[in-house]
Each structure stands twice: as C-alpha cells, then as structure tokens.
file coords.cif (mmCIF, C-alpha atoms)
data_target
#
loop_
_atom_site.label_atom_id
_atom_site.label_comp_id
_atom_site.auth_asym_id
_atom_site.auth_seq_id
_atom_site.Cartn_x
_atom_site.Cartn_y
_atom_site.Cartn_z
CA MET A 751 43.20 159.37 35.75
CA PHE A 752 42.94 159.35 31.97
CA ALA A 753 41.92 156.27 29.99
CA ILE A 754 40.93 155.12 26.54
CA ALA A 755 38.06 152.63 26.80
CA ALA A 756 36.92 150.10 24.21
CA GLU A 757 33.83 149.31 26.31
CA PRO A 758 30.90 151.54 27.38
CA ILE A 759 31.73 154.21 29.97
CA ASP A 760 30.13 153.85 33.44
CA PRO A 761 29.79 157.46 34.66
CA ALA A 762 28.48 156.51 38.12
CA ALA A 763 31.53 154.34 38.81
CA LEU A 764 33.88 157.09 37.64
CA GLN A 765 32.13 159.70 39.77
CA ARG A 766 32.44 157.49 42.85
CA ARG A 767 36.21 157.50 42.34
CA LEU A 768 36.14 161.30 42.74
CA ALA A 769 34.51 161.14 46.18
CA ASP A 770 36.43 163.45 48.53
CA ALA A 771 35.30 164.97 51.86
CA ARG A 772 37.08 168.22 50.94
CA ALA A 773 35.13 168.64 47.68
CA GLY A 774 32.34 171.21 47.55
CA ALA A 775 31.89 170.93 43.79
CA CYS A 776 31.88 168.18 41.21
CA VAL A 777 31.44 169.19 37.56
CA THR A 778 31.05 166.48 34.93
CA PHE A 779 30.76 166.61 31.15
CA GLU A 780 29.38 163.87 28.92
CA GLY A 781 29.95 163.97 25.16
CA TRP A 782 27.18 162.08 23.33
CA VAL A 783 26.85 160.88 19.76
CA ARG A 784 24.30 163.16 18.06
CA ASN A 785 22.29 162.63 14.91
CA LEU A 786 23.36 165.67 12.88
CA ASN A 787 26.71 167.13 11.85
CA GLU A 788 27.09 169.95 9.31
CA GLY A 789 23.69 169.23 7.81
CA GLN A 790 24.15 165.47 7.39
CA THR A 791 22.14 162.85 9.25
CA VAL A 792 24.50 160.69 11.28
CA GLY A 793 23.59 157.08 12.03
CA ALA A 794 26.68 155.96 13.96
CA LEU A 795 30.23 156.97 14.81
CA GLU A 796 33.50 155.12 14.85
CA TYR A 797 36.33 156.33 17.09
CA GLU A 798 39.90 155.19 16.59
CA ALA A 799 42.82 156.13 18.86
CA PHE A 800 46.59 155.79 18.93
CA VAL A 801 46.26 154.51 22.48
CA PRO A 802 49.71 154.97 24.07
CA LEU A 803 50.04 158.55 22.85
CA ALA A 804 46.39 159.37 23.62
CA GLU A 805 46.90 158.12 27.18
CA SER A 806 50.12 160.04 27.73
CA GLU A 807 48.70 163.23 26.21
CA GLY A 808 45.45 162.85 28.18
CA THR A 809 47.43 162.38 31.39
CA LYS A 810 49.36 165.54 30.53
CA ILE A 811 46.11 167.49 30.02
CA LEU A 812 44.82 166.42 33.44
CA ALA A 813 48.13 167.43 35.05
CA GLU A 814 47.85 170.84 33.36
CA ALA A 815 44.31 171.24 34.71
CA ARG A 816 45.51 170.43 38.22
CA ALA A 817 48.33 172.98 37.87
CA LYS A 818 46.05 175.74 36.51
CA PHE A 819 43.02 175.27 38.75
CA ASP A 820 42.55 174.48 42.41
CA LEU A 821 41.37 170.90 41.91
CA LEU A 822 41.01 167.90 44.17
CA GLY A 823 40.44 165.28 41.49
CA ALA A 824 40.24 164.95 37.70
CA ILE A 825 39.23 162.02 35.47
CA CYS A 826 38.70 161.74 31.73
CA VAL A 827 37.74 158.64 29.74
CA HIS A 828 37.34 158.52 25.96
CA ARG A 829 35.70 155.70 24.00
CA THR A 830 36.94 153.89 20.93
CA GLY A 831 35.00 151.60 18.61
CA LEU A 832 31.58 151.81 16.98
CA LEU A 833 29.10 154.03 18.85
CA GLN A 834 25.40 154.52 18.21
CA LEU A 835 23.28 157.65 18.62
CA GLY A 836 23.08 158.66 22.27
CA ASP A 837 26.13 156.64 23.31
CA MET A 838 28.67 158.39 25.51
CA ALA A 839 31.89 159.18 23.63
CA VAL A 840 33.74 160.99 26.40
CA TRP A 841 33.34 161.65 30.14
CA VAL A 842 35.13 164.32 32.15
CA GLY A 843 34.75 164.77 35.91
CA VAL A 844 36.57 167.18 38.19
CA THR A 845 36.24 168.04 41.88
CA ALA A 846 37.27 171.15 43.77
CA ALA A 847 36.48 172.92 47.01
CA HIS A 848 34.53 175.54 45.05
CA ARG A 849 32.48 175.53 41.84
CA GLY A 850 34.48 178.16 39.91
CA ALA A 851 37.60 176.04 39.65
CA ALA A 852 35.55 172.92 38.89
CA PHE A 853 33.61 174.52 36.00
CA ASP A 854 36.73 176.10 34.51
CA ALA A 855 38.82 172.94 34.79
CA CYS A 856 36.12 170.73 33.26
CA ARG A 857 35.89 173.08 30.26
CA TYR A 858 39.69 173.14 29.96
CA VAL A 859 39.98 169.36 29.96
CA ILE A 860 37.33 168.72 27.29
CA ASP A 861 38.56 171.56 25.05
CA GLU A 862 42.18 170.37 25.20
CA ALA A 863 41.13 166.73 24.78
CA LYS A 864 39.26 167.55 21.57
CA ALA A 865 42.17 169.57 20.19
CA ARG A 866 45.11 167.38 21.18
CA LEU A 867 44.31 163.70 21.67
CA PRO A 868 45.27 161.44 18.74
CA ILE A 869 41.69 160.23 18.30
CA TRP A 870 39.81 160.14 15.01
CA LYS A 871 36.10 160.07 14.28
CA LYS A 872 34.44 158.49 11.28
CA GLU A 873 30.81 159.42 10.73
CA HIS A 874 28.43 156.94 9.12
CA TYR A 875 25.61 158.78 7.35
CA ALA A 876 22.12 157.80 6.37
CA GLY A 877 22.49 156.47 2.83
CA GLY A 878 25.67 154.53 3.53
CA THR A 879 28.42 157.12 3.03
CA THR A 880 31.13 157.77 5.61
CA ALA A 881 33.69 160.50 6.33
CA TRP A 882 36.68 160.99 8.60
CA ILE A 883 35.96 164.27 10.37
CA ASN A 884 38.42 167.16 9.78
CA CYS A 885 40.20 165.15 7.06
CA ALA A 886 38.43 166.55 3.97
CA THR A 887 40.84 167.89 1.34
CA ARG A 888 38.48 169.69 -1.03
CA GLY A 889 35.09 171.41 -1.00
CA GLY A 890 32.90 171.11 2.06
CA ALA A 891 32.87 168.23 4.50
CA ALA A 892 30.20 166.65 2.30
CA ASP A 893 32.69 166.23 -0.54
CA ALA A 894 34.83 164.06 1.69
CA ALA A 895 32.02 161.60 2.32
CA LYS A 896 32.98 158.77 0.02
CA PRO A 897 30.76 155.79 -0.70
CA GLN A 898 31.68 152.82 1.45
CA PHE A 899 31.02 150.28 -1.31
CA MET B 1487 69.10 154.13 4.49
CA ILE B 1488 67.43 153.49 7.84
CA HIS B 1489 64.74 150.98 8.71
CA VAL B 1490 61.62 152.32 10.41
CA ARG B 1491 58.26 150.88 11.43
CA ILE B 1492 55.18 152.88 10.49
CA GLN B 1493 51.76 152.42 12.08
CA TYR B 1494 48.74 153.80 10.23
CA PHE B 1495 45.51 155.09 11.75
CA ALA B 1496 42.15 156.34 10.52
CA ILE B 1497 42.12 157.84 7.01
CA LEU B 1498 45.78 156.94 6.42
CA ARG B 1499 45.16 153.31 7.45
CA GLU B 1500 42.30 153.09 4.97
CA GLN B 1501 44.23 154.76 2.14
CA ARG B 1502 47.29 152.57 2.78
CA GLY B 1503 45.16 149.45 3.09
CA GLN B 1504 47.13 148.10 6.07
CA ASN B 1505 47.84 148.86 9.72
CA GLU B 1506 51.60 148.94 9.65
CA GLU B 1507 54.74 148.27 7.66
CA THR B 1508 58.50 148.25 8.09
CA LEU B 1509 60.54 149.86 5.36
CA ALA B 1510 63.95 151.23 4.40
CA THR B 1511 64.06 154.93 3.64
CA ALA B 1512 66.51 157.68 2.89
CA ALA B 1513 64.11 160.25 4.40
CA ALA B 1514 65.76 162.24 7.18
CA THR B 1515 62.62 163.75 8.74
CA PRO B 1516 58.96 162.82 9.32
CA THR B 1517 57.87 165.33 6.65
CA ALA B 1518 60.26 163.86 4.06
CA LEU B 1519 59.07 160.35 4.89
CA TYR B 1520 55.41 161.40 4.67
CA GLU B 1521 55.98 163.00 1.26
CA GLU B 1522 57.68 159.79 0.08
CA LEU B 1523 54.74 157.67 1.26
CA ARG B 1524 52.16 160.14 -0.01
CA ALA B 1525 53.63 159.93 -3.51
CA ARG B 1526 53.69 156.12 -3.31
CA HIS B 1527 50.23 155.52 -1.84
CA GLY B 1528 48.21 158.56 -2.91
CA PHE B 1529 47.41 159.89 0.56
CA THR B 1530 45.00 162.80 0.12
CA LEU B 1531 46.10 164.91 3.10
CA PRO B 1532 48.98 167.33 2.46
CA ALA B 1533 52.01 167.16 4.76
CA ASP B 1534 51.13 170.44 6.45
CA ARG B 1535 47.99 168.86 7.93
CA ILE B 1536 49.83 165.87 9.39
CA ARG B 1537 51.64 165.72 12.73
CA ALA B 1538 54.17 163.03 13.55
CA ALA B 1539 54.91 160.90 16.57
CA VAL B 1540 58.15 158.97 16.96
CA ASN B 1541 58.37 156.23 19.57
CA GLU B 1542 55.00 157.31 21.00
CA THR B 1543 55.96 160.98 21.47
CA PHE B 1544 54.90 163.98 19.37
CA VAL B 1545 57.88 165.37 17.43
CA ALA B 1546 58.54 168.36 15.18
CA ALA B 1547 58.03 167.84 11.45
CA ASP B 1548 61.77 168.29 10.90
CA ALA B 1549 62.96 166.07 13.76
CA PRO B 1550 65.72 163.61 12.77
CA LEU B 1551 64.70 160.00 12.07
CA ARG B 1552 66.86 157.16 13.37
CA GLU B 1553 67.29 153.46 12.72
CA GLY B 1554 64.49 151.48 14.38
CA ASP B 1555 62.15 154.42 15.01
CA ARG B 1556 58.45 153.66 15.35
CA ILE B 1557 56.59 156.35 13.45
CA VAL B 1558 52.92 157.33 13.48
CA PHE B 1559 51.54 160.05 11.22
CA ILE B 1560 48.68 161.88 12.92
CA PRO B 1561 45.91 163.13 10.60
CA PRO B 1562 43.73 165.99 11.92
CA VAL B 1563 42.23 164.77 15.19
CA ALA B 1564 38.54 164.73 16.10
CA GLY B 1565 38.05 163.43 19.62
CA GLY B 1566 35.17 164.41 21.87
#
call {"tool": "encode", "arguments": {"input": "coords.cif", "output": "structure tokens"}}
result
Amino acid sequence: MFAIAAEPIDPAALQRRLADARAGACVTFEGWVRNLNEGQTVGALEYEAFVPLAESEGTKILAEARAKFDLLGAICVHRTGLLQLGDMAVWVGVTAAHRGAAFDACRYVIDEAKARLPIWKKEHYAGGTTAWINCATRGGAADAAKPQF
Amino acid sequence: MIHVRIQYFAILREQRGQNEETLATAAATPTALYEELRARHGFTLPADRIRAAVNETFVAADAPLREGDRIVFIPPVAGG
C-alpha cells in the first residue's frame, strides 16, 4: 500500500498492517525533518505533491520491490503539508521471510521514492527565507533562497 | 489551436501565481507548451529540467498534446 497523507503518520498502525506469520524480518525506514541542509539552518519544511500521480508512481515502486525481492508485504506513506523539525516525512516498511530481502527492498523503496515521486520540498530557513529544493537555477542552493516578504 | 488545462505545483505555482488555468495553444508538445508559458510568465527553470504529465501519467517531452488534455509540469522532485 502506498499513500500520500496530509495528517501525521502513525508508524505503529502501519507496522501492524504488515503482521504476517510467515515474516521473519520487518525493516522500516523513517525520514525525519532535520535542522540543517547544505549549511543552512532549517526551521520547517513544506511538502507538496501531485497526489494522483504520486500515488500511482508509489504503487508502481512497491510493485517493483515485490518483483525484485522476496517480500511478504510493503507499505510506504509520504506526508504533505507543513512539517516541523523531528516530524516524520516518510515511512517505509517491508516484511520478508529473511532479513536480506527486507533490508534491500526497504532501501530500494526509499531511494526510488525520493527520485521519482512528484513531491516537492520547500525549506523555511532561520531568518525568514525559503527555497524549493533542487529547483535553484544559478549559483549554489543558497542563491535560490528568496526572501518571503 | 487546442484547449488544455494546466495545473501548477511548487515553484511553478508560486511563479505563475495560481494553481491552474485553461488556455488555447498552438503548442504540439509539452516542451513547446512549457517554453510558451515560460516566456509569458518568467518561469526560472529551463525546459530540460521539467518533466511533464498528461492526464495523470508521465509522458515524453515530445509527446503529442490533444484537445482537453490535463497537463502538469513537474519541476525537479524532492520527496523523502
């Protein structure tokens, strides 16, 4: 199951959905909002998604993981909206009979999700500037941080 | 001319100043349409950094556009 969520992610509830008597391994990944990116102090993050395409592409990524690795279950949920430091931006959980497949599949899902999902991140910096990540068109990322007011 | 609906997200939404619009265009491909809009609205990202989705599916930059298409230009993504 892949989902875009506008509300906080509940990892315990998601993990319960993966319960499976055949599973010997459950690997989960949590992406958190951190306070520093490329030397700038981050105060908050805003995530925006093109939801229908993010959900279809996310579903495709999970199907690929199931095809590549010997999985029993796979879930990924990604947040949208304004997030504060320490908030969970993304959760991935996979189950398998053995740990090798579970570790590899979890890594695959988060790497592909970051590269492919139509989701955008706007960082809000100390001092009031903001920047859409990966969308700078000149100089360093700092040059793209335009005053909000 | 065909009529298409464009939805804007993230940096393009902010630079356009609105979420969506319907317009008539002679552009035959997503790249041609993006260049037309970039000239009109001053989008900072060049066309080679933008992907396109038509009717909620990723398409090639030179895919044909048709009457009634719903188009989304995808700036560089940054999930996770």
call {"tool": "interface_residues", "arguments": {"input": "coords.cif", "of": "chain B", "to": "chain A", "cutoff": "9 Å", "atoms": "only C-alpha atoms", "output": "number ranges by chain"}}
result
B: 1495-1497, 1530-1532, 1535, 1539, 1542-1544, 1558, 1560-1566
call {"tool": "closest_residue", "arguments": {"input": "coords.cif", "among": "B:Arg1491, B:Ala1514, B:Arg1556, B:Gly1503", "to": "Phe1529 in chain B", "atoms": "only C-alpha atoms"}}
result
B:Gly1503
call {"tool": "residues_around", "arguments": {"input": "coords.cif", "residues": "Ala1510 in chain B", "least_positions_apart": "6", "cutoff": "8 Å", "atoms": "only C-alpha atoms", "output": "number ranges by chain"}}
result
B: 1487-1490
call {"tool": "write_last_selection", "arguments": {"input": "coords.cif", "atoms": "C-alpha atoms", "output": "PDB file, in the coordinates of the input"}}
result
ATOM      1  CA  MET B1487      69.100 154.130   4.490  1.00  0.00           C
ATOM      2  CA  ILE B1488      67.430 153.490   7.840  1.00  0.00           C
ATOM      3  CA  HIS B1489      64.740 150.980   8.710  1.00  0.00           C
ATOM      4  CA  VAL B1490      61.620 152.320  10.410  1.00  0.00           C
TER       5      VAL B1490
END
call {"tool": "atom_distance", "arguments": {"input": "coords.cif", "atom1": "CA of Ala1549 in chain B", "atom2": "CA of Gln1493 in chain B"}}
result
17.7 Å
call {"tool": "atom_distance", "arguments": {"input": "coords.cif", "atom1": "CA of Arg1552 in chain B", "atom2": "CA of Gly1528 in chain B"}}
result
24.8 Å
call {"tool": "residues_around", "arguments": {"input": "coords.cif", "residues": "range 787-793 of chain A", "least_positions_apart": "6", "cutoff": "7 Å", "atoms": "all atoms listed in the file", "output": "PyMOL selection string"}}
result
chain A and resi 834-835+873-876
call {"tool": "build_atoms", "arguments": {"input": "coords.cif", "residues": "range 839-850 of chain A", "atoms": "all heavy atoms", "output": "PDB file, keeping the file's coordinate frame"}}
result
ATOM      1  N   ALA A 839      30.577 159.260  24.290  1.00  0.00           N
ATOM      2  CA  ALA A 839      31.890 159.180  23.630  1.00  0.00           C
ATOM      3  C   ALA A 839      33.004 159.588  24.576  1.00  0.00           C
ATOM      4  O   ALA A 839      34.133 159.109  24.455  1.00  0.00           O
ATOM      5  CB  ALA A 839      31.903 160.088  22.404  1.00  0.00           C
ATOM      6  N   VAL A 840      32.693 160.508  25.487  1.00  0.00           N
ATOM      7  CA  VAL A 840      33.740 160.990  26.400  1.00  0.00           C
ATOM      8  C   VAL A 840      33.086 161.427  27.709  1.00  0.00           C
ATOM      9  O   VAL A 840      31.942 161.907  27.715  1.00  0.00           O
ATOM     10  CB  VAL A 840      34.543 162.155  25.755  1.00  0.00           C
ATOM     11  CG1 VAL A 840      33.642 163.316  25.378  1.00  0.00           C
ATOM     12  CG2 VAL A 840      35.668 162.640  26.652  1.00  0.00           C
ATOM     13  N   TRP A 841      33.799 161.218  28.816  1.00  0.00           N
ATOM     14  CA  TRP A 841      33.340 161.650  30.140  1.00  0.00           C
ATOM     15  C   TRP A 841      34.493 162.374  30.818  1.00  0.00           C
ATOM     16  O   TRP A 841      35.624 161.887  30.823  1.00  0.00           O
ATOM     17  CB  TRP A 841      32.918 160.442  30.972  1.00  0.00           C
ATOM     18  CG  TRP A 841      32.240 160.787  32.274  1.00  0.00           C
ATOM     19  CD1 TRP A 841      30.906 160.977  32.474  1.00  0.00           C
ATOM     20  CD2 TRP A 841      32.858 160.949  33.571  1.00  0.00           C
ATOM     21  NE1 TRP A 841      30.655 161.261  33.795  1.00  0.00           N
ATOM     22  CE2 TRP A 841      31.820 161.261  34.490  1.00  0.00           C
ATOM     23  CE3 TRP A 841      34.175 160.886  34.030  1.00  0.00           C
ATOM     24  CZ2 TRP A 841      32.066 161.487  35.852  1.00  0.00           C
ATOM     25  CZ3 TRP A 841      34.414 161.115  35.383  1.00  0.00           C
ATOM     26  CH2 TRP A 841      33.372 161.411  36.276  1.00  0.00           C
ATOM     27  N   VAL A 842      34.161 163.554  31.360  1.00  0.00           N
ATOM     28  CA  VAL A 842      35.130 164.320  32.150  1.00  0.00           C
ATOM     29  C   VAL A 842      34.499 164.602  33.508  1.00  0.00           C
ATOM     30  O   VAL A 842      33.323 164.995  33.579  1.00  0.00           O
ATOM     31  CB  VAL A 842      35.483 165.673  31.485  1.00  0.00           C
ATOM     32  CG1 VAL A 842      36.489 166.448  32.348  1.00  0.00           C
ATOM     33  CG2 VAL A 842      36.034 165.471  30.081  1.00  0.00           C
ATOM     34  N   GLY A 843      35.234 164.415  34.577  1.00  0.00           N
ATOM     35  CA  GLY A 843      34.750 164.770  35.910  1.00  0.00           C
ATOM     36  C   GLY A 843      35.868 165.396  36.713  1.00  0.00           C
ATOM     37  O   GLY A 843      37.001 164.894  36.707  1.00  0.00           O
ATOM     38  N   VAL A 844      35.567 166.522  37.346  1.00  0.00           N
ATOM     39  CA  VAL A 844      36.570 167.180  38.190  1.00  0.00           C
ATOM     40  C   VAL A 844      35.923 167.590  39.510  1.00  0.00           C
ATOM     41  O   VAL A 844      34.734 167.900  39.559  1.00  0.00           O
ATOM     42  CB  VAL A 844      37.206 168.419  37.522  1.00  0.00           C
ATOM     43  CG1 VAL A 844      37.873 168.043  36.214  1.00  0.00           C
ATOM     44  CG2 VAL A 844      36.174 169.496  37.288  1.00  0.00           C
ATOM     45  N   THR A 845      36.706 167.591  40.568  1.00  0.00           N
ATOM     46  CA  THR A 845      36.240 168.040  41.880  1.00  0.00           C
ATOM     47  C   THR A 845      37.149 169.142  42.393  1.00  0.00           C
ATOM     48  O   THR A 845      38.350 169.177  42.093  1.00  0.00           O
ATOM     49  CB  THR A 845      36.223 166.893  42.898  1.00  0.00           C
ATOM     50  OG1 THR A 845      37.491 166.236  42.855  1.00  0.00           O
ATOM     51  CG2 THR A 845      35.105 165.915  42.615  1.00  0.00           C
ATOM     52  N   ALA A 846      36.532 170.040  43.165  1.00  0.00           N
ATOM     53  CA  ALA A 846      37.270 171.150  43.770  1.00  0.00           C
ATOM     54  C   ALA A 846      36.519 171.582  45.021  1.00  0.00           C
ATOM     55  O   ALA A 846      35.361 171.182  45.241  1.00  0.00           O
ATOM     56  CB  ALA A 846      37.367 172.322  42.786  1.00  0.00           C
ATOM     57  N   ALA A 847      37.162 172.393  45.832  1.00  0.00           N
ATOM     58  CA  ALA A 847      36.480 172.920  47.010  1.00  0.00           C
ATOM     59  C   ALA A 847      35.331 173.820  46.594  1.00  0.00           C
ATOM     60  O   ALA A 847      34.268 173.828  47.231  1.00  0.00           O
ATOM     61  CB  ALA A 847      37.475 173.679  47.895  1.00  0.00           C
ATOM     62  N   HIS A 848      35.535 174.562  45.492  1.00  0.00           N
ATOM     63  CA  HIS A 848      34.530 175.540  45.050  1.00  0.00           C
ATOM     64  C   HIS A 848      34.195 175.372  43.576  1.00  0.00           C
ATOM     65  O   HIS A 848      35.015 174.896  42.788  1.00  0.00           O
ATOM     66  CB  HIS A 848      35.044 176.958  45.320  1.00  0.00           C
ATOM     67  CG  HIS A 848      35.388 177.187  46.760  1.00  0.00           C
ATOM     68  ND1 HIS A 848      34.435 177.309  47.742  1.00  0.00           N
ATOM     69  CD2 HIS A 848      36.593 177.246  47.379  1.00  0.00           C
ATOM     70  CE1 HIS A 848      35.040 177.470  48.920  1.00  0.00           C
ATOM     71  NE2 HIS A 848      36.349 177.431  48.733  1.00  0.00           N
ATOM     72  N   ARG A 849      32.986 175.827  43.185  1.00  0.00           N
ATOM     73  CA  ARG A 849      32.480 175.530  41.840  1.00  0.00           C
ATOM     74  C   ARG A 849      33.253 176.221  40.720  1.00  0.00           C
ATOM     75  O   ARG A 849      33.344 175.683  39.615  1.00  0.00           O
ATOM     76  CB  ARG A 849      31.000 175.902  41.745  1.00  0.00           C
ATOM     77  CG  ARG A 849      30.709 177.399  41.808  1.00  0.00           C
ATOM     78  CD  ARG A 849      29.209 177.663  41.849  1.00  0.00           C
ATOM     79  NE  ARG A 849      28.899 179.093  41.870  1.00  0.00           N
ATOM     80  CZ  ARG A 849      29.002 179.881  42.936  1.00  0.00           C
ATOM     81  NH1 ARG A 849      29.430 179.382  44.089  1.00  0.00           N
ATOM     82  NH2 ARG A 849      28.698 181.159  42.856  1.00  0.00           N
ATOM     83  N   GLY A 850      33.806 177.422  40.985  1.00  0.00           N
ATOM     84  CA  GLY A 850      34.480 178.160  39.910  1.00  0.00           C
ATOM     85  C   GLY A 850      35.613 177.340  39.299  1.00  0.00           C
ATOM     86  O   GLY A 850      35.694 177.183  38.073  1.00  0.00           O
TER      87      GLY A 850
END
